[in-house]
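What follows is one structure encoded as structure tokens, with my remarks underneath.
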Amino acid sequence: MVVLDEAVLTDPGRLRAVDRALLSLPGRSTPLDDTARLVTRLLHTPMACVCLITEDEELFVGEYAIPHELSLPRRAPLAYSVCKYAVSADGVILSRDMTAEPDEILSRHLLVVEFGIRAFLGVPVRDRDGRPIGSLAVLDRRPRDWTGEETEILTAVADTIRVQDDSAFHATLLESMEAGVVACDRSGRIVYANRSVREVIGFGPDGPLAPEFEAEAYRLLATTDQRSMPPGESPLIRALNGECVVSEDVLIRRPGHRTRIFDTCAQPILGPTGDALGAVAVAHEVTALRRVERFRNCHIAVQHVLQSAGTVAEATPEVLRAVTATLGWPAAELYLIDEATGLLQAAGHWDFSGVEPDGFFGHTPIRGQGITGRAWETGRPIWVPDLSSSPDLRTAHERERVEICLRRGVRTALAVPVRDGGTLLGVLTCYAGTQEYEPDLLTVLLDGVAAQVGVFVAQRRAEELSRQLARAQADFVDLVGHELRTPLTSITANAALLAEETSGLDAESRHMVETVARNAAVLQRIADTLLDLAGLDAGHLELDVAEVDLVALLCDAVTEVRRTADRLTLVIELPAELHLPGDAERLRQVVDDLLLNAVRYSPPGEPVHVTLCTDDTMADLCIADHGIGTPPGEHDRVFDRFFRGSNVRHQGTPGSGLGLSLARAIVLLHGGTIRLSDNRPSGTVVSVRLPLAGPPGA
């Protein structure tokens, strides 16, 4: 036997080659067990093995034995290795009969004791650079004289195991991948990083890894919450420790460059014995995808804020907080055009920095100057990637604002107009501490948010205007009602006296007196109705609740209508009686007005149907006519004060537009509902539902 050369076995270059082989051999297209089986058949031996020699172990990476029940251990201490001699000698080793060898290690070797092996022949297995990293050996249970031809066959087969068989293709494939690939050895040292990884970290795409690459790579890693990631938390090292990492986002924060996000997977590289020989991680850049996902979540968050907020002042800080959190920017401010002055004024801001405002927020923009002022003037987004070097910001006001921004650490600003359709309502301005590289994408996000804000602001302003109009209308109703009552009382009384003493008047004078009396009565009814509405809405007038027979009330009302109307057909379907708590006088007002409308707008002779029925809790009164009906879209508006259907106005039919308003007020006070629907083929159905239990609190 040859003498062992420890320098060869412990050579660092050879050991690194072994590590590389352990990482790459499991992915070979031809399994090494098949290679072992091949040489047993070629050399007619019962057993063959392929092993790699590390600094302290012999690792069996391929084997074949007859009978198949026999199996070599997957690893053995180097002290008991036979194949180490082929590595040490970097050549052929053989033994005709191991039991007859003077070397006690050989004569008492595991192969001899447990498997009855007597003879063996081994040749080196080399890496792509020709370094011996292991051995291919055949073994026999009988003493055997190995021939030169057998040695040549074994050497030829061993040459096919060289790592270089697939390495060139694999290396080219990995280098051309868009995804980043990085691998470490069993000690955690990074031994491979493809071109994509090297470029992201800031190293040249070609050549061996620089000594400082590993430290720089780990220094740039961060978690999704912007916290620096220690090497032990990285997917690569966690995989080395046995964890399979599936789809985990990792940030690369390289100074002077935008933060990039990589969806990373990592897994251990297992050797033939099941232990980790290293680990590999694959990373796909998803920066744009994650930003789009955050933008979508931002729109959802903004919509949620706007749906739950009552006012613009309440919504603004939370909307801006959602936007700045999505962008990772420190601050944002919303400006709205004041409706009275036409000036752009600050409506609210959000600040993540914690720095004293120092005049940063709340300034009054000048139209056409600065980022906000230019967006106000042009109605288009304004993007300034670097405030410190922008050639467009030259006026004294603009230089002052730039200095305030730079003192605060703001580098980039983006302002987008806030609109409702074609109406400019304000400007949304956001500030970044670092230079951004995706202005188009960011503008799309902020345009969307600005559109949401614009719709919200327009709705709130419309609601406030509606409230102001309602208050003005209520004030008008109250004023007119009170101011008309006193003079109308006098006019009505005097007109009545004149009407009673017309014997001395000629026909024309009598007609004039009757006209005055009639119209004064109409005005009196309008004034009374206005006062009723004002009192009922304000709660000054209360219901006089008592037991009411709704059937008797309807019969009286129908009789009165029949007495005053010509060519009228009333079809009535009523129960014998229907009692409920209510204000009889007020309910009679409702019935009279609904019957009057049905008769007034029905052609002569057309029937008006009046039905009354009940369910378990409600009385249901329906009055249906075949008249002119109600135009589409006006069914709810006819209950508004002074509103009259467009078809009624065009026909010139007289009326004040107050009857249905008063009817609704009375029905609502009784705890009921009133609604209009179309009758077929023409006409209107008015449905009034009243609770059998009576008004609330009765």
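Letters for chains follow the order of the structure tokens (A, B, ...), residue numbers begin at 1 for each chain, and ligand numbers begin at 1 in the order shown.
By chain and then residue number, the residues within 10 Å of Cys613 (chain A) are Glu573, Leu574, Pro575, Leu578, Ala619, Asp620, Leu621, Cys622 and Arg689 of chain A, counting only C-alpha atoms and disregarding those fewer than 6 positions away in sequence.
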Selected residues, N, CA, C and O atoms, written as a JSON list (two decimals), in the first residue's frame, please.
[["chain", "number", "residue", "atom", "x", "y", "z"],
["A", 573, "GLU", "N", -113.43, 48.86, -1.17],
["A", 573, "GLU", "CA", -113.32, 47.53, -0.57],
["A", 573, "GLU", "C", -112.80, 47.71, 0.85],
["A", 573, "GLU", "O", -111.60, 47.90, 1.06],
["A", 574, "LEU", "N", -113.73, 47.68, 1.82],
["A", 574, "LEU", "CA", -113.37, 47.95, 3.21],
["A", 574, "LEU", "C", -113.89, 46.83, 4.10],
["A", 574, "LEU", "O", -114.95, 46.24, 3.82],
["A", 575, "PRO", "N", -113.19, 46.55, 5.19],
["A", 575, "PRO", "CA", -113.74, 45.61, 6.18],
["A", 575, "PRO", "C", -114.87, 46.28, 6.95],
["A", 575, "PRO", "O", -115.16, 47.48, 6.79],
["A", 578, "LEU", "N", -112.19, 48.69, 11.51],
["A", 578, "LEU", "CA", -110.74, 48.51, 11.75],
["A", 578, "LEU", "C", -110.32, 49.60, 12.73],
["A", 578, "LEU", "O", -110.29, 50.78, 12.38],
["A", 619, "ALA", "N", -102.03, 48.13, 9.14],
["A", 619, "ALA", "CA", -103.17, 48.42, 8.29],
["A", 619, "ALA", "C", -102.65, 48.99, 6.98],
["A", 619, "ALA", "O", -101.77, 49.85, 6.97],
["A", 620, "ASP", "N", -103.22, 48.50, 5.86],
["A", 620, "ASP", "CA", -102.71, 48.88, 4.54],
["A", 620, "ASP", "C", -103.83, 49.54, 3.75],
["A", 620, "ASP", "O", -104.80, 48.89, 3.34],
["A", 621, "LEU", "N", -103.71, 50.87, 3.53],
["A", 621, "LEU", "CA", -104.68, 51.63, 2.76],
["A", 621, "LEU", "C", -104.09, 51.94, 1.38],
["A", 621, "LEU", "O", -102.99, 52.48, 1.28],
["A", 622, "CYS", "N", -104.84, 51.59, 0.33],
["A", 622, "CYS", "CA", -104.39, 51.87, -1.04],
["A", 622, "CYS", "C", -105.46, 52.68, -1.77],
["A", 622, "CYS", "O", -106.65, 52.32, -1.74],
["A", 689, "ARG", "N", -99.27, 52.67, 5.05],
["A", 689, "ARG", "CA", -99.27, 51.57, 6.04],
["A", 689, "ARG", "C", -99.14, 52.18, 7.43],
["A", 689, "ARG", "O", -98.22, 52.97, 7.69]]
List every residue of region 456-650 of chain A that DSSP, applied to the backbone, labels as strand (DSSP E or B), and write the result as a PyMOL selection string. chain A and resi 546-549+569-573+579-582+607-614+618-624
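Pairwise distance (CA of Ala239 (chain A), CA of Ala279 (chain A)) equals 5.9 Å.
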So how many Å separate CA of Ile252 (chain A) and CA of Val323 (chain A), to one decimal? 22.5 Å
Could you give me, as a PyMOL selection string, each residue of region 59-228 of chain A that DSSP assigns to alpha helix (DSSP H) when run on this structure's backbone? chain A and resi 84-89+104-107+110-115+148-159+164-176+195-201+213-220
Residues at most 9 Å from Leu221 (chain A), counting only C-alpha atoms, excluding those fewer than 5 positions away in the same chain, as number ranges by chain? A: 227-231, 234, 250-254
Output N, CA, C and O atoms for every residue in the selection just made, as an mmCIF file, in the first residue's frame.
data_model
loop_
_atom_site.group_PDB
_atom_site.id
_atom_site.type_symbol
_atom_site.label_atom_id
_atom_site.label_comp_id
_atom_site.auth_asym_id
_atom_site.auth_seq_id
_atom_site.Cartn_x
_atom_site.Cartn_y
_atom_site.Cartn_z
ATOM 1 N N ARG A 227 -36.763 46.280 8.806
ATOM 2 C CA ARG A 227 -35.757 45.980 9.827
ATOM 3 C C ARG A 227 -34.600 45.215 9.185
ATOM 4 O O ARG A 227 -34.807 44.322 8.360
ATOM 5 N N SER A 228 -33.370 45.578 9.571
ATOM 6 C CA SER A 228 -32.210 44.866 9.041
ATOM 7 C C SER A 228 -32.306 43.384 9.400
ATOM 8 O O SER A 228 -32.696 43.028 10.510
ATOM 9 N N MET A 229 -31.927 42.526 8.441
ATOM 10 C CA MET A 229 -32.067 41.084 8.622
ATOM 11 C C MET A 229 -30.705 40.461 8.947
ATOM 12 O O MET A 229 -29.807 40.452 8.102
ATOM 13 N N PRO A 230 -30.511 39.943 10.171
ATOM 14 C CA PRO A 230 -29.245 39.261 10.490
ATOM 15 C C PRO A 230 -29.068 38.038 9.600
ATOM 16 O O PRO A 230 -30.064 37.449 9.139
ATOM 17 N N PRO A 231 -27.830 37.607 9.344
ATOM 18 C CA PRO A 231 -27.614 36.440 8.480
ATOM 19 C C PRO A 231 -28.389 35.209 8.935
ATOM 20 O O PRO A 231 -28.912 34.463 8.105
ATOM 21 N N SER A 234 -31.816 34.974 7.492
ATOM 22 C CA SER A 234 -31.958 34.943 6.042
ATOM 23 C C SER A 234 -32.484 33.576 5.598
ATOM 24 O O SER A 234 -32.227 32.552 6.242
ATOM 25 N N VAL A 250 -38.117 39.341 0.774
ATOM 26 C CA VAL A 250 -36.877 39.871 1.346
ATOM 27 C C VAL A 250 -36.564 41.177 0.633
ATOM 28 O O VAL A 250 -36.670 41.256 -0.598
ATOM 29 N N LEU A 251 -36.191 42.193 1.390
ATOM 30 C CA LEU A 251 -35.873 43.500 0.817
ATOM 31 C C LEU A 251 -34.366 43.651 0.648
ATOM 32 O O LEU A 251 -33.586 43.174 1.489
ATOM 33 N N ILE A 252 -33.956 44.296 -0.445
ATOM 34 C CA ILE A 252 -32.566 44.691 -0.660
ATOM 35 C C ILE A 252 -32.528 46.214 -0.629
ATOM 36 O O ILE A 252 -33.075 46.885 -1.505
ATOM 37 N N ARG A 253 -31.875 46.758 0.406
ATOM 38 C CA ARG A 253 -31.797 48.220 0.567
ATOM 39 C C ARG A 253 -30.369 48.665 0.295
ATOM 40 O O ARG A 253 -29.525 48.662 1.183
ATOM 41 N N ARG A 254 -30.130 49.032 -0.951
ATOM 42 C CA ARG A 254 -28.801 49.463 -1.359
ATOM 43 C C ARG A 254 -28.759 50.987 -1.360
ATOM 44 O O ARG A 254 -29.598 51.621 -2.012
#
Neighbours of Leu587 (chain A) within 9 Å (only C-alpha atoms; same-chain residues fewer than 5 positions away dropped), as JSON, numbers by chain? {"A": [550, 553, 582, 592, 663, 666, 667]}
Residues near Glu175 (chain A), anyone? I mean within 10 Å using only C-alpha atoms, not counting same-chain ones fewer than 5 positions away, as a ChimeraX atom specification. /A:169-170,180-181,193-197,205-206
